[in-house]
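Colleague: I am sharing upload.cif, which consists of mmCIF, C-alpha atoms:
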data_input
#
loop_
_atom_site.label_atom_id
_atom_site.label_comp_id
_atom_site.auth_asym_id
_atom_site.auth_seq_id
_atom_site.Cartn_x
_atom_site.Cartn_y
_atom_site.Cartn_z
CA MET H 1 -36.81 -18.60 -20.81
CA ASN H 2 -35.06 -21.65 -19.36
CA LEU H 3 -31.99 -20.39 -17.52
CA LYS H 4 -30.70 -23.95 -17.05
CA THR H 5 -29.75 -24.17 -20.71
CA LEU H 6 -27.84 -20.89 -20.88
CA ASP H 7 -24.05 -20.85 -20.81
CA LEU H 8 -22.14 -18.02 -19.14
CA LYS H 9 -21.92 -15.86 -22.25
CA GLN H 10 -25.62 -16.24 -23.05
CA LEU H 11 -26.56 -15.46 -19.46
CA ALA H 12 -24.27 -12.39 -19.40
CA CYS H 13 -25.99 -11.24 -22.56
CA LEU H 14 -29.46 -11.78 -21.10
CA ILE H 15 -28.59 -9.86 -17.92
CA TYR H 16 -26.92 -7.03 -19.83
CA GLU H 17 -29.84 -6.67 -22.26
CA THR H 18 -32.43 -6.85 -19.45
CA LEU H 19 -30.64 -4.12 -17.52
CA LYS H 20 -30.32 -2.03 -20.67
CA GLU H 21 -34.08 -2.34 -21.32
CA HIS H 22 -34.57 -0.85 -17.85
CA GLY H 23 -32.20 2.02 -18.60
CA ILE H 24 -29.38 0.56 -16.51
CA ASN H 25 -25.86 0.84 -17.81
CA ALA H 26 -23.62 -2.00 -16.64
CA VAL H 27 -20.28 -3.54 -17.60
CA LEU H 28 -19.25 -7.15 -17.16
CA VAL H 29 -15.96 -7.34 -15.25
CA GLY H 30 -13.88 -9.96 -13.42
CA GLY H 31 -13.58 -13.68 -14.04
CA ALA H 32 -16.60 -13.93 -16.36
CA CYS H 33 -14.66 -11.85 -18.92
CA VAL H 34 -11.85 -14.43 -18.68
CA SER H 35 -14.37 -17.22 -19.34
CA ILE H 36 -15.66 -15.42 -22.42
CA TYR H 37 -12.25 -14.49 -23.81
CA SER H 38 -10.74 -17.91 -23.08
CA GLU H 39 -13.76 -19.71 -24.53
CA ASN H 40 -14.39 -21.37 -21.16
CA ARG H 41 -10.88 -22.71 -20.61
CA TYR H 42 -11.46 -20.98 -17.30
CA GLN H 43 -15.02 -21.33 -16.03
CA SER H 44 -16.14 -18.60 -13.66
CA SER H 45 -19.02 -19.40 -11.31
CA ASP H 46 -20.25 -15.84 -11.06
CA LEU H 47 -20.94 -12.86 -13.23
CA ASP H 48 -19.67 -9.58 -11.82
CA PHE H 49 -21.28 -6.45 -13.20
CA ALA H 50 -20.11 -2.94 -12.35
CA THR H 51 -22.65 -0.14 -12.44
CA TYR H 52 -23.26 3.29 -10.95
CA GLU H 53 -26.96 2.47 -10.64
CA GLU H 54 -28.70 1.94 -7.28
CA MET H 55 -29.65 -1.61 -6.29
CA LYS H 56 -33.43 -0.99 -6.25
CA PRO H 57 -33.87 -0.57 -10.03
CA ILE H 58 -31.49 -3.47 -10.64
CA GLU H 59 -33.60 -5.63 -8.35
CA LYS H 60 -36.74 -4.57 -10.18
CA ALA H 61 -35.22 -5.58 -13.52
CA LEU H 62 -33.78 -8.92 -12.42
CA THR H 63 -36.82 -9.96 -10.37
CA LYS H 64 -38.67 -10.13 -13.68
CA LEU H 65 -36.28 -12.91 -14.72
CA GLY H 66 -36.93 -14.72 -11.44
CA PHE H 67 -33.70 -13.75 -9.66
CA LYS H 68 -33.71 -13.23 -5.90
CA ARG H 69 -31.58 -10.57 -4.28
CA THR H 70 -29.28 -10.99 -1.27
CA GLY H 71 -27.36 -7.79 -0.64
CA ARG H 72 -25.62 -6.98 -3.92
CA GLN H 73 -25.96 -10.52 -5.28
CA PHE H 74 -28.68 -12.26 -7.23
CA SER H 75 -29.35 -15.97 -7.56
CA HIS H 76 -31.89 -18.14 -9.32
CA LEU H 77 -32.84 -21.74 -8.57
CA ASP H 78 -32.45 -22.71 -12.24
CA CYS H 79 -29.16 -20.91 -12.72
CA GLU H 80 -25.73 -22.20 -11.69
CA PHE H 81 -24.20 -18.72 -11.83
CA LEU H 82 -24.34 -16.01 -9.19
CA ILE H 83 -24.83 -12.43 -10.38
CA ASP H 84 -22.88 -9.90 -8.34
CA PHE H 85 -22.90 -6.13 -8.61
CA VAL H 86 -19.53 -4.72 -7.66
CA ASN H 87 -19.02 -1.21 -6.53
CA PRO H 88 -17.64 1.30 -8.99
CA PRO H 89 -15.26 2.78 -10.06
CA ILE H 90 -14.21 0.33 -12.72
CA SER H 91 -10.48 0.27 -12.46
CA VAL H 92 -7.41 -1.85 -12.89
CA GLY H 93 -5.06 -1.10 -10.05
CA HIS H 94 -4.97 2.66 -9.70
CA GLU H 95 -6.22 3.46 -13.21
CA ALA H 96 -9.85 4.11 -14.09
CA ILE H 97 -11.27 2.38 -17.17
CA HIS H 98 -13.48 4.46 -19.44
CA GLU H 99 -13.51 2.43 -22.64
CA PHE H 100 -15.02 -1.02 -22.95
CA SER H 101 -15.53 -3.70 -25.57
CA THR H 102 -18.88 -4.74 -26.95
CA LEU H 103 -19.48 -8.33 -28.01
CA LYS H 104 -22.28 -9.16 -30.35
CA THR H 105 -23.88 -12.57 -29.89
CA PRO H 106 -26.91 -14.19 -31.55
CA THR H 107 -28.97 -13.28 -28.48
CA GLY H 108 -27.81 -9.67 -28.16
CA THR H 109 -24.80 -7.74 -26.94
CA ILE H 110 -22.58 -7.56 -23.84
CA ARG H 111 -20.42 -4.66 -22.74
CA LEU H 112 -17.31 -5.92 -21.00
CA LEU H 113 -13.66 -5.22 -20.23
CA SER H 114 -11.44 -5.15 -23.29
CA PRO H 115 -9.01 -8.09 -23.60
CA THR H 116 -6.13 -5.79 -22.56
CA ASP H 117 -8.00 -4.55 -19.45
CA CYS H 118 -9.09 -8.10 -18.66
CA VAL H 119 -5.42 -9.14 -18.71
CA LYS H 120 -4.52 -6.15 -16.49
CA ASP H 121 -7.34 -7.09 -14.09
CA ARG H 122 -6.01 -10.63 -13.73
CA LEU H 123 -2.41 -9.46 -13.50
CA ALA H 124 -3.39 -7.05 -10.70
CA SER H 125 -4.45 -10.09 -8.65
CA TYR H 126 -1.19 -11.81 -9.51
CA PHE H 127 0.83 -8.72 -8.62
CA HIS H 128 -0.87 -7.97 -5.31
CA TRP H 129 -1.96 -11.39 -4.06
CA ASN H 130 0.58 -13.63 -5.79
CA ASP H 131 -2.39 -15.51 -7.21
CA ALA H 132 -0.89 -18.00 -9.65
CA GLN H 133 -4.37 -18.88 -11.00
CA ALA H 134 -4.83 -15.24 -12.02
CA LEU H 135 -1.53 -15.34 -13.94
CA GLU H 136 -2.74 -18.41 -15.84
CA GLN H 137 -6.00 -16.64 -16.64
CA ALA H 138 -4.15 -13.57 -17.92
CA LEU H 139 -2.15 -15.87 -20.21
CA MET H 140 -5.30 -17.62 -21.48
CA VAL H 141 -6.83 -14.29 -22.48
CA ALA H 142 -3.65 -12.87 -24.00
CA GLU H 143 -3.01 -16.00 -26.06
CA ASN H 144 -6.55 -15.92 -27.48
CA HIS H 145 -6.94 -12.21 -28.21
CA PRO H 146 -4.79 -9.34 -29.42
CA ILE H 147 -3.66 -7.21 -26.48
CA ASP H 148 -1.84 -3.90 -26.35
CA LEU H 149 1.52 -4.96 -24.96
CA ARG H 150 2.93 -1.43 -24.95
CA ASP H 151 0.02 -0.21 -22.82
CA LEU H 152 0.33 -3.25 -20.56
CA LYS H 153 4.03 -2.50 -19.93
CA ARG H 154 3.28 1.18 -19.25
CA TRP H 155 0.53 0.21 -16.79
CA ALA H 156 2.68 -2.36 -14.96
CA LYS H 157 5.41 0.25 -14.59
CA THR H 158 3.05 2.85 -13.08
CA GLU H 159 1.66 0.20 -10.73
CA GLY H 160 5.21 -0.61 -9.62
CA PHE H 161 5.22 -4.20 -10.89
CA GLU H 162 7.53 -4.05 -13.90
CA LYS H 163 9.57 -7.02 -12.66
CA LYS H 164 6.55 -9.20 -12.00
CA LEU H 165 5.22 -8.49 -15.47
CA GLN H 166 8.34 -10.19 -16.85
CA GLU H 167 7.04 -13.55 -15.59
CA PHE H 168 3.90 -13.04 -17.66
CA LEU H 169 5.83 -11.88 -20.75
CA LYS H 170 8.28 -14.78 -20.46
CA ARG H 171 5.43 -17.27 -20.52
CA LEU H 172 3.33 -15.56 -23.14
CA LYS H 173 3.23 -17.51 -26.42
CA ILE H 174 2.12 -15.16 -29.16
CA MET V 175 -13.56 13.38 14.15
CA LEU V 176 -14.76 11.95 10.85
CA GLU V 177 -17.94 10.20 11.91
CA TYR V 178 -20.07 13.00 10.46
CA LEU V 179 -18.39 12.52 7.12
CA PHE V 180 -18.75 8.73 7.09
CA ALA V 181 -22.13 8.75 8.89
CA ASN V 182 -20.73 5.91 10.95
CA LYS V 183 -18.58 6.06 14.07
CA ASN V 184 -16.77 2.80 13.37
CA VAL V 185 -15.33 3.60 9.95
CA GLU V 186 -12.75 6.09 11.21
CA LYS V 187 -11.65 3.69 13.97
CA ILE V 188 -11.28 0.78 11.58
CA LEU V 189 -9.33 2.81 9.02
CA ILE V 190 -6.93 4.18 11.62
CA TYR V 191 -6.53 0.76 13.21
CA LEU V 192 -5.68 -0.81 9.84
CA CYS V 193 -3.14 1.93 9.10
CA LEU V 194 -1.34 1.03 12.29
CA HIS V 195 -1.77 -2.72 12.40
CA GLY V 196 -2.28 -3.83 8.78
CA LYS V 197 -5.05 -6.31 9.54
CA ALA V 198 -7.86 -6.84 12.02
CA ASN V 199 -10.86 -8.97 12.81
CA ALA V 200 -14.23 -7.94 14.22
CA THR V 201 -13.70 -9.41 17.70
CA GLU V 202 -10.33 -7.70 18.06
CA LEU V 203 -11.81 -4.35 17.01
CA SER V 204 -14.84 -4.76 19.23
CA ARG V 205 -12.59 -5.42 22.25
CA THR V 206 -10.17 -2.63 21.39
CA PHE V 207 -12.91 -0.02 21.11
CA ASP V 208 -15.28 -1.46 23.75
CA SER V 209 -18.00 -1.55 21.08
CA ALA V 210 -20.69 -4.05 20.23
CA LEU V 211 -19.53 -6.75 17.80
CA ASP V 212 -22.46 -6.60 15.38
CA PRO V 213 -22.05 -2.98 14.17
CA ILE V 214 -18.31 -3.56 13.72
CA GLN V 215 -18.99 -6.69 11.64
CA LYS V 216 -21.52 -4.79 9.53
CA THR V 217 -19.10 -1.93 8.93
CA LEU V 218 -16.30 -4.30 7.95
CA LYS V 219 -18.66 -6.06 5.52
CA LYS V 220 -19.71 -2.73 4.04
CA LEU V 221 -16.08 -1.64 3.57
CA GLU V 222 -15.37 -4.97 1.91
CA GLU V 223 -18.36 -4.60 -0.42
CA GLY V 224 -17.12 -1.13 -1.30
CA GLY V 225 -13.80 -2.66 -2.32
CA LEU V 226 -11.62 -0.87 0.24
CA LEU V 227 -11.00 -3.98 2.35
CA ALA V 228 -10.38 -7.60 1.48
CA SER V 229 -11.11 -10.46 3.84
CA PHE V 230 -9.42 -13.77 4.46
CA LEU V 231 -10.02 -16.74 6.74
CA GLU V 232 -7.59 -17.61 9.53
CA GLY V 233 -8.99 -20.82 10.97
CA LYS V 234 -12.58 -19.90 11.73
CA THR V 235 -11.90 -16.18 12.04
CA ARG V 236 -12.50 -13.77 9.18
CA GLY V 237 -9.72 -11.20 9.08
CA PHE V 238 -9.74 -7.95 7.13
CA GLN V 239 -6.96 -6.01 5.49
CA TRP V 240 -6.58 -3.25 2.93
CA ASN V 241 -7.42 -4.30 -0.60
CA PRO V 242 -4.26 -3.32 -2.49
CA ARG V 243 -6.30 -3.15 -5.72
CA TYR V 244 -8.62 -0.41 -4.45
CA PRO V 245 -8.01 2.66 -6.65
CA PHE V 246 -8.23 5.26 -3.84
CA LEU V 247 -6.27 3.25 -1.28
CA ARG V 248 -3.29 5.59 -0.92
CA GLU V 249 -5.54 8.62 -0.51
CA ILE V 250 -7.76 6.93 2.12
CA GLN V 251 -4.71 5.73 4.03
CA ALA V 252 -3.24 9.24 3.99
CA PHE V 253 -6.57 10.56 5.28
CA ALA V 254 -6.66 8.02 8.12
CA LYS V 255 -3.04 8.66 9.07
CA LYS V 256 -3.71 12.38 9.32
CA ALA V 257 -6.83 11.76 11.42
CA TYR V 258 -4.73 9.60 13.75
CA SER V 259 -2.12 12.34 14.15
CA PHE V 260 -4.89 14.69 15.34
CA LEU V 261 -6.05 12.33 18.12
CA PRO V 262 -5.00 13.21 21.67
CA PRO V 263 -2.12 11.03 22.94
CA ASP V 264 -4.27 9.32 25.58
CA ILE V 265 -6.72 8.07 22.94
CA GLN V 266 -3.88 7.03 20.65
CA GLU V 267 -2.41 5.09 23.55
CA LYS V 268 -5.67 3.52 24.74
CA HIS V 269 -7.12 2.37 21.44
CA TYR V 270 -4.42 2.19 18.85
CA LEU V 271 -1.03 1.48 20.39
CA SER V 272 -1.85 -2.01 21.48
CA THR V 273 0.77 -3.91 23.43
CA ARG V 274 -0.81 -7.19 22.38
CA ARG V 275 1.78 -9.75 21.31
CA LYS V 276 2.07 -10.00 17.53
CA ARG V 277 5.23 -12.02 17.06
CA PRO V 278 4.90 -15.81 16.72
CA ARG V 279 4.51 -18.03 19.77
CA LYS V 280 5.44 -21.71 19.44
CA THR V 281 2.56 -24.18 19.82
CA GLY V 282 2.36 -25.58 23.37
CA LYS V 283 4.01 -22.63 25.11
CA PRO V 284 1.75 -20.71 27.48
CA ILE V 285 0.56 -17.38 26.03
#
Step by step, read the file and then write its structure as structure tokens.

Modeller:
Amino acid sequence: MNLKTLDLKQLACLIYETLKEHGINAVLVGGACVSIYSENRYQSSDLDFATYEEMKPIEKALTKLGFKRTGRQFSHLDCEFLIDFVNPPISVGHEAIHEFSTLKTPTGTIRLLSPTDCVKDRLASYFHWNDAQALEQALMVAENHPIDLRDLKRWAKTEGFEKKLQEFLKRLKI
Amino acid sequence: MLEYLFANKNVEKILIYLCLHGKANATELSRTFDSALDPIQKTLKKLEEGGLLASFLEGKTRGFQWNPRYPFLREIQAFAKKAYSFLPPDIQEKHYLSTRRKRPRKTGKPI
């Protein structure tokens, strides 16, 4: 398979399916979810997967695709994206995430953060780091996909960022 | 105190230091604890990979601070604070209560 021709979503799918074939359960998190949900209005340069699996079996699976491991990251000469395995738990702020979305694509499936959790993930960066880019990304996702606003408000309140959420809600065009 | 739990003697020191000072870099920690730089750097990197710490660049120096998005942050901080309170006063004084200047110093003035 020529990795050069794959876009982010196709690559995420290939990695997810390859890991699954090797009995490894992983979830796509972080900026790559924003790329997928915003249809590449934001282009992430890496794919972050969260998994409870050890690195050895992951390495065994991805080496078959030609990826080389450095620590918890994998790269490939023909691939512009970096694959990173982030440490669990999968959480947004102080809340664990147990339910994920599954996207079906012509080349297979991907398990990833739901649009609501993806928005929370970006907003957490905006809340804690004042990252304006993360706020824009949260808006891109929320404007493209239905999100659970009631849950988002509840979460922001428990995280202690009710006021900062107002900036997001004020700018949200849905 | 906690090195048996963490299987690493630097983790406890780094956590306590961050509770008291908010941020740190490897050189500063290595000097404070009279330890070799390399193991401190490796421990900081490991804590960053685990998500507990976040790093930032200040000039050419990589600084580390708590990652406010880490889900167990409050619990770990409480743990480190309690460990600090159990340290004898002379160790608290020697390693943690630095008298190093932290307030700004205008460019050009002697330090």

Colleague: Counting only C-alpha atoms, a student should be able to say which residues of chain H come within 7 Å of chain V; what is the right answer, written as a PyMOL selection string?

Modeller: chain H and resi 87+91+93-95+124+128

Colleague: Those residues with C-alpha atoms, as an mmCIF file, in the coordinates of the input please?

Modeller:
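Result file follows (part.cif):
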data_model
loop_
_atom_site.group_PDB
_atom_site.id
_atom_site.type_symbol
_atom_site.label_atom_id
_atom_site.label_comp_id
_atom_site.auth_asym_id
_atom_site.auth_seq_id
_atom_site.Cartn_x
_atom_site.Cartn_y
_atom_site.Cartn_z
ATOM 1 C CA ASN H 87 -19.020 -1.210 -6.530
ATOM 2 C CA SER H 91 -10.480 0.270 -12.460
ATOM 3 C CA GLY H 93 -5.060 -1.100 -10.050
ATOM 4 C CA HIS H 94 -4.970 2.660 -9.700
ATOM 5 C CA GLU H 95 -6.220 3.460 -13.210
ATOM 6 C CA ALA H 124 -3.390 -7.050 -10.700
ATOM 7 C CA HIS H 128 -0.870 -7.970 -5.310
#

Colleague: Expand the PyMOL selection byres ((chain V and resi 179-184) around 9) into the individual residues it matches in the shown file, reporting them as a ChimeraX atom specification.

Modeller: /V:175-178,185-189,209,213-214,217-218

Colleague: Using all atoms listed in the file, which protein or nucleic acid residues come within 9 Å of region 258-268 of chain V? Drop anything in the same chain fewer than 4 positions from it, and give the result as a PyMOL selection string.

Modeller: chain V and resi 175+190+206-207+253-254+272

Colleague: Could you state the separation of CA of Gly71 (chain H) and CA of His98 (chain H) in Å, given to one decimal place?

Modeller: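 Rounded to one decimal, the two atoms are 26.4 Å apart.
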
Colleague: Can you work out the spacing between CA of Thr102 (chain H) and CA of Lys56 (chain H) in Å, to one decimal?

Modeller: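 Straight-line distance from CA of Thr102 (chain H) to CA of Lys56 (chain H) works out to 25.6 Å.
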